[in-house]
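Engineer: Before I ask anything, let me first share the structure, which is written out below as structure tokens.
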Amino acid sequence: MNKIKIMESSVRKWERIINENKSDGGVLDCPPCRIFYFTFCFGCPIAAYTGQKFCKGSPYGRWYWHQLNEHDKIRKKIYCPECLKIATEMRDFMIEIVESMKAQKAER
Ligand SMILES: [Zn+2]
């Protein structure tokens with residue numbers, strides 16, 4: 001399993017949320033979650049990067065609570081400038097993880 005490829009598909013997921021107004025399905029359509037989550041969060045590159053499970057330490061918590069508190073809709077997607085800002089941070093955070101994984105791989 002190529003973890004870099006998984007994280008790259010996560011970058012693409014957030015690109016689609018930002019550019020194509022797609023919705024975020026959370027665990028169900030998060031590429032690393034689909035592989036590493038199961039019933040508990042284990043071995044995910046995001047958790048390895050932040051040192052915390054369940055996407056804590058990433059912008060995802062802010063995205064989640066902003067969606068719930070401000071919009072409270074079934075679909076989590078971009079509704080306002082704050083949504084766009086957090087989604088962009090999330091995309092950039094995924095890119096940061098991909099870059100760091102590539103750098104680590106190059107060191108080996
Ligand atoms: Zn919003």
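Numbering starts fresh at 1 for the residues of each chain in the structure tokens, the chains themselves are lettered A, B, ... in the order given, and ligands are numbered from 1 as they appear.
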Just list as a PyMOL selection string whatever in chain A DSSP marks as alpha helix (DSSP H).

Structural biologist: chain A and resi 3-19+31-36+45-50+60-66+81-107

Engineer: Could the residues that lie within 6 Å of ligand 1, counting only C-alpha atoms and all ligand atoms, be listed as a list of chain:residue names?

Structural biologist: A:Tyr79, A:Cys80, A:Glu82, A:Cys83

Engineer: Taking only C-alpha atoms into account, which of A:Tyr60, A:Phe54, A:Trp14, A:Tyr37 comes nearest Thr88 (chain A)?

Structural biologist: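 Closest to Thr88 (chain A) of all the choices is A:Trp14.
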
Engineer: For CA of Ile86 (chain A) and CA of Ala103 (chain A), determine how far apart the two atoms are, in Å to one decimal place.

Structural biologist: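 Separation of CA of Ile86 (chain A) and CA of Ala103 (chain A): 25.4 Å.
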
Engineer: Considering only C-alpha atoms, can you say which of A:Tyr64, A:Lys3, A:Leu28, A:Ser58 comes closest to Asp92 (chain A)?

Structural biologist: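 Selected residue with least distance to Asp92 (chain A): A:Ser58.
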
Engineer: Excluding Glu8 (chain A) and any residue of its chain fewer than 5 positions from it, enumerate the residues within 8 Å of it, using only C-alpha atoms, and give them as number ranges by chain.

Structural biologist: A: 94-95, 98
